[in-house]
Structure formats: C-alpha cells, structure tokens
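The file model-v7.csv comes next; it holds CSV, C-alpha atoms.
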```csv
chain,number,residue,atom,x,y,z
P,1,MET,CA,-52.5,2.0,10.1
P,2,GLY,CA,-55.9,0.5,9.2
P,3,PHE,CA,-57.7,3.0,11.4
P,4,PHE,CA,-55.8,5.9,9.8
P,5,LEU,CA,-56.6,4.7,6.3
P,6,SER,CA,-60.3,4.4,7.1
P,7,ARG,CA,-60.9,7.6,9.2
P,8,SER,CA,-58.7,10.5,8.1
P,9,LYS,CA,-59.0,13.2,5.5
P,10,LEU,CA,-55.6,12.4,4.1
P,11,SER,CA,-56.7,8.8,3.5
P,12,VAL,CA,-59.7,9.9,1.4
P,13,GLN,CA,-57.3,12.1,-0.6
P,14,LEU,CA,-54.9,9.2,-1.0
P,15,TYR,CA,-57.6,6.9,-2.3
P,16,ALA,CA,-58.9,9.6,-4.6
P,17,ALA,CA,-55.4,10.3,-6.0
P,18,GLY,CA,-54.8,6.6,-6.5
P,19,GLY,CA,-58.2,5.8,-8.0
P,20,ASN,CA,-58.3,8.6,-10.6
P,21,PRO,CA,-55.7,11.3,-10.4
P,22,ARG,CA,-57.3,13.5,-13.0
P,23,ALA,CA,-60.7,13.5,-11.3
P,24,ALA,CA,-59.0,14.1,-7.9
P,25,THR,CA,-57.6,17.4,-9.0
P,26,LEU,CA,-61.1,18.8,-9.7
P,27,PRO,CA,-62.1,19.2,-6.0
P,28,GLY,CA,-58.6,20.6,-5.3
P,29,ILE,CA,-56.7,17.6,-4.0
P,30,PRO,CA,-53.0,18.1,-4.4
P,31,VAL,CA,-52.3,14.9,-6.3
P,32,SER,CA,-48.6,15.4,-6.8
P,33,ARG,CA,-48.1,16.2,-3.1
P,34,ILE,CA,-50.2,13.1,-2.1
P,35,THR,CA,-48.2,11.0,-4.5
P,36,ILE,CA,-44.9,12.1,-3.1
P,37,LEU,CA,-46.1,11.6,0.4
P,38,ALA,CA,-47.3,8.0,-0.5
P,39,ASP,CA,-43.9,7.2,-2.1
P,40,THR,CA,-42.0,8.6,0.8
P,41,ALA,CA,-44.1,6.6,3.3
P,42,SER,CA,-43.6,3.5,1.2
P,43,GLY,CA,-39.8,4.0,1.3
P,44,LEU,CA,-39.8,4.7,5.0
P,45,PHE,CA,-41.8,1.6,5.8
P,46,GLY,CA,-39.6,-0.4,3.4
P,47,GLY,CA,-36.5,0.8,5.3
P,48,ILE,CA,-38.1,-0.1,8.6
P,49,ALA,CA,-38.9,-3.6,7.3
P,50,GLY,CA,-35.3,-3.9,6.1
P,51,PHE,CA,-33.9,-3.1,9.5
P,52,LEU,CA,-36.3,-5.6,11.1
P,53,PHE,CA,-35.2,-8.2,8.6
P,54,LEU,CA,-31.6,-7.4,9.5
P,55,ALA,CA,-32.3,-7.7,13.2
P,56,ARG,CA,-33.9,-11.1,12.7
P,57,THR,CA,-31.3,-12.6,10.4
P,58,GLY,CA,-28.1,-10.8,11.2
P,59,SER,CA,-27.3,-10.0,7.6
P,60,VAL,CA,-29.1,-8.9,4.4
P,61,PRO,CA,-27.6,-10.2,1.2
P,62,ALA,CA,-28.6,-8.3,-2.0
P,63,HIS,CA,-30.7,-11.2,-3.3
P,64,SER,CA,-32.7,-11.8,0.0
P,65,GLY,CA,-36.4,-11.3,-0.2
P,66,GLY,CA,-36.6,-11.7,-4.0
P,67,ASN,CA,-39.4,-14.2,-3.8
P,68,LEU,CA,-41.3,-12.1,-1.2
P,69,LEU,CA,-42.5,-9.7,-3.9
P,70,LEU,CA,-44.6,-12.2,-5.7
P,71,GLU,CA,-46.1,-13.4,-2.4
P,72,THR,CA,-46.9,-9.8,-1.3
P,73,ILE,CA,-48.6,-8.9,-4.6
P,74,ALA,CA,-50.5,-12.2,-4.6
P,75,ALA,CA,-51.7,-11.6,-1.0
P,76,ILE,CA,-53.0,-8.1,-1.7
P,77,VAL,CA,-54.7,-9.0,-5.0
P,78,ILE,CA,-56.4,-12.0,-3.4
P,79,GLY,CA,-57.6,-9.6,-0.7
P,80,GLY,CA,-59.3,-7.5,-3.3
P,81,VAL,CA,-56.9,-4.5,-3.4
P,82,SER,CA,-56.8,-3.1,-6.9
P,83,LEU,CA,-53.5,-2.9,-8.6
P,84,ALA,CA,-54.8,0.2,-10.5
P,85,GLY,CA,-55.2,2.0,-7.1
P,86,GLY,CA,-58.0,3.6,-5.2
P,87,LYS,CA,-59.6,0.4,-3.9
P,88,GLY,CA,-59.0,-1.9,-0.9
P,89,THR,CA,-58.6,-1.9,2.8
P,90,VAL,CA,-55.9,-3.1,5.3
P,91,LEU,CA,-58.4,-5.8,6.5
P,92,SER,CA,-58.9,-7.2,3.0
P,93,ALA,CA,-55.2,-7.3,2.4
P,94,PHE,CA,-54.8,-9.1,5.7
P,95,ALA,CA,-57.5,-11.6,4.7
P,96,GLY,CA,-55.7,-12.2,1.5
P,97,THR,CA,-52.4,-12.8,3.4
P,98,LEU,CA,-54.1,-15.3,5.7
P,99,LEU,CA,-55.5,-17.2,2.7
P,100,LEU,CA,-52.2,-17.3,0.9
P,101,VAL,CA,-50.3,-18.4,4.0
P,102,GLY,CA,-52.8,-21.1,4.6
P,103,LEU,CA,-52.4,-22.3,1.0
P,104,SER,CA,-48.6,-22.2,1.3
P,105,ASN,CA,-48.8,-24.3,4.5
P,106,LEU,CA,-51.1,-26.8,2.7
P,107,THR,CA,-48.6,-27.2,-0.1
P,108,ASN,CA,-45.6,-27.5,2.3
P,109,ILE,CA,-47.2,-30.4,4.1
P,110,PRO,CA,-47.0,-32.9,1.1
P,111,PHE,CA,-43.5,-31.5,0.2
P,112,VAL,CA,-44.6,-29.7,-3.0
P,113,SER,CA,-41.8,-28.1,-5.0
P,114,PRO,CA,-41.2,-24.4,-4.2
P,115,HIS,CA,-41.3,-23.7,-8.0
P,116,LEU,CA,-44.8,-25.2,-8.2
P,117,GLN,CA,-45.8,-23.1,-5.2
P,118,ASP,CA,-44.7,-20.0,-7.1
P,119,ALA,CA,-46.6,-21.1,-10.2
P,120,VAL,CA,-49.7,-21.6,-8.1
P,121,SER,CA,-49.3,-18.1,-6.6
P,122,GLY,CA,-49.0,-16.7,-10.1
P,123,LEU,CA,-52.1,-18.4,-11.2
P,124,ILE,CA,-54.0,-17.2,-8.2
P,125,ILE,CA,-52.8,-13.6,-9.0
P,126,VAL,CA,-54.1,-13.9,-12.6
P,127,ALA,CA,-57.4,-15.4,-11.4
P,128,ALA,CA,-57.9,-12.7,-8.8
P,129,ILE,CA,-57.2,-9.9,-11.3
P,130,VAL,CA,-59.7,-11.5,-13.8
P,131,ILE,CA,-62.3,-11.8,-11.1
P,132,ASN,CA,-61.6,-8.2,-9.9
P,133,THR,CA,-62.0,-6.9,-13.4
P,134,ARG,CA,-65.2,-8.8,-14.0
P,135,LEU,CA,-66.8,-7.6,-10.8
P,136,ASP,CA,-65.8,-3.9,-11.3
P,137,PRO,CA,-67.0,-2.6,-14.6
P,138,SER,CA,-65.2,0.7,-14.3
P,139,ARG,CA,-61.9,-1.2,-14.4
P,140,GLN,CA,-62.6,-3.3,-17.6
P,141,HIS,CA,-60.2,-1.1,-19.6
P,142,LEU,CA,-57.2,-2.7,-17.9
```
Transcribe the structure of this file into structure tokens.
Amino acid sequence: MGFFLSRSKLSVQLYAAGGNPRAATLPGIPVSRITILADTASGLFGGIAGFLFLARTGSVPAHSGGNLLLETIAAIVIGGVSLAGGKGTVLSAFAGTLLLVGLSNLTNIPFVSPHLQDAVSGLIIVAAIVINTRLDPSRQHL
C-alpha cells in the first residue's frame, strides 16, 4: 500500500484532492470520482478488518473497538499525517503507531489507569495538531 501511495498517478490525484479539492479540479482531476473511490476503499478495508477481528475473537459485539478510534487517530497525527488531508505517508503513520504503542506499553508496566492512558493519548493528539499547525503555515486557518 505504501508503494502504491508513493508511486502511482492515482495517489498523486488522491493527495491533491485531499489537500485542496478546489485547486485539484483546475488541472482536470476528477475530485468527486477520487473521493468516492477513497471512501469505497476505506469501507472495503474496514470490512476486511472487521472480518479479521471476527476471525481472531470469534464474535464482534456492537461496542467492540470503540476505544481503537482514539488510538488510531492519535497514531496517524503523531506520525505527521494531516487531518485536513493531502499530507502524510504510510511510513510516517507507522512511525506514529510505533511511538504510541511504546508509550502505551510504558504506561501499562506501572499499572496506570486506562482512563489516564486515554487522557494522555488525547493530550498527545492536541499537541501533535498544534505542532503540525505551527510547522505548516498554509494550515494555520484550521
């Protein structure tokens, strides 16, 4: 997936449509088609992840995975992927995931409360967004 996102024409169009949809239409990029394709791929990969989760656990209650959303967002933001779109790589998201998993393991060793772990993850997300906004002047309107 990382190779695809760094080497194909579609990935350039995907980054352009995510970064600035209005500007992406000027060179003729079909932004609506790219957006539908991205949403469809996201749903497909989410369905595959659900089946893998089912295969691992044997059942999937409606509330399962609720806390994984915060951890996922934290990992990609820490890795430098912009929540506004158009910026980031698979490698940077992976690096953010490794950092967050390492932090989680460090807080599990002294038996820190899971609620405090979520609060720390939230603070890290806010700090990463502030740092990302300060380092990228084109995103200071967010």
**Request:** Write out as a ChimeraX atom specification the residues lying within 12 Å of Thr107 in chain P, counting all atoms listed in the file and excluding same-chain residues fewer than 4 positions away.
**Result:** /P:100-103,111-121
Using all atoms listed in the file - which residues lie no farther than 12 Å from the point (-58.8, -15.9, -8.4) in the file's frame? Write them as a CSV table (one decimal) with C-alpha atoms, in the coordinates of the input.
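Below is the file point-v8.csv, written as the result:
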```csv
chain,number,residue,atom,x,y,z
P,74,ALA,CA,-50.5,-12.2,-4.6
P,75,ALA,CA,-51.7,-11.6,-1.0
P,76,ILE,CA,-53.0,-8.1,-1.7
P,77,VAL,CA,-54.7,-9.0,-5.0
P,78,ILE,CA,-56.4,-12.0,-3.4
P,79,GLY,CA,-57.6,-9.6,-0.7
P,80,GLY,CA,-59.3,-7.5,-3.3
P,96,GLY,CA,-55.7,-12.2,1.5
P,99,LEU,CA,-55.5,-17.2,2.7
P,100,LEU,CA,-52.2,-17.3,0.9
P,120,VAL,CA,-49.7,-21.6,-8.1
P,121,SER,CA,-49.3,-18.1,-6.6
P,122,GLY,CA,-49.0,-16.7,-10.1
P,123,LEU,CA,-52.1,-18.4,-11.2
P,124,ILE,CA,-54.0,-17.2,-8.2
P,125,ILE,CA,-52.8,-13.6,-9.0
P,126,VAL,CA,-54.1,-13.9,-12.6
P,127,ALA,CA,-57.4,-15.4,-11.4
P,128,ALA,CA,-57.9,-12.7,-8.8
P,129,ILE,CA,-57.2,-9.9,-11.3
P,130,VAL,CA,-59.7,-11.5,-13.8
P,131,ILE,CA,-62.3,-11.8,-11.1
P,132,ASN,CA,-61.6,-8.2,-9.9
P,133,THR,CA,-62.0,-6.9,-13.4
P,134,ARG,CA,-65.2,-8.8,-14.0
P,135,LEU,CA,-66.8,-7.6,-10.8
```
**Request:** Enter the distance from CA of Val81 in chain P to CA of Gly47 in chain P, in Å, rounded to one decimal.
**Result:**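 So the answer is 22.8 Å.
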**Message:** Just to confirm, what's the straight-line distance from CA of Gln13 in chain P to CA of Pro30 in chain P in Å (one decimal)?
**Reply:** 8.3 Å
**Request:** Calculate how many Å separate CA of Gly19 in chain P from CA of Thr40 in chain P, rounding to one decimal.
**Result:** 18.6 Å
**Request:** Name the residues, using the chain letters and numbers of the file, that sit within 10 Å of (-55.8, -0.9, 7.1) when counting all atoms listed in the file, and give them as a list in words.
**Result:**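 Every polymer residue passing the test: Met1, Gly2, Phe3, Phe4, Leu5, Ser6, Gly88, Thr89, Val90, Leu91, Ser92, Ala93 and Phe94 of chain P.
For Ile29 in chain P, the list of residues within 10 Å, based on all atoms listed in the file and with local chain neighbours fewer than 6 positions off taken out, reads Leu10, Val12, Gln13, Leu14, Ala16, Ala17, Pro21, Arg22 and Ala23 of chain P.
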**Item:** Proximity to Ser11 in chain P - best of P:Leu70, P:Ile34, P:Ala24, P:Leu83, all atoms listed in the file
**Value:**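 Comparing P:Leu70, P:Ile34, P:Ala24, P:Leu83 against Ser11 in chain P, the winner is P:Ile34.
Considering the residues P:Leu69, P:Tyr15, P:Leu37, P:Ser64 and counting only C-alpha atoms, Gly50 in chain P has its shortest atom-to-atom contact with P:Ser64.
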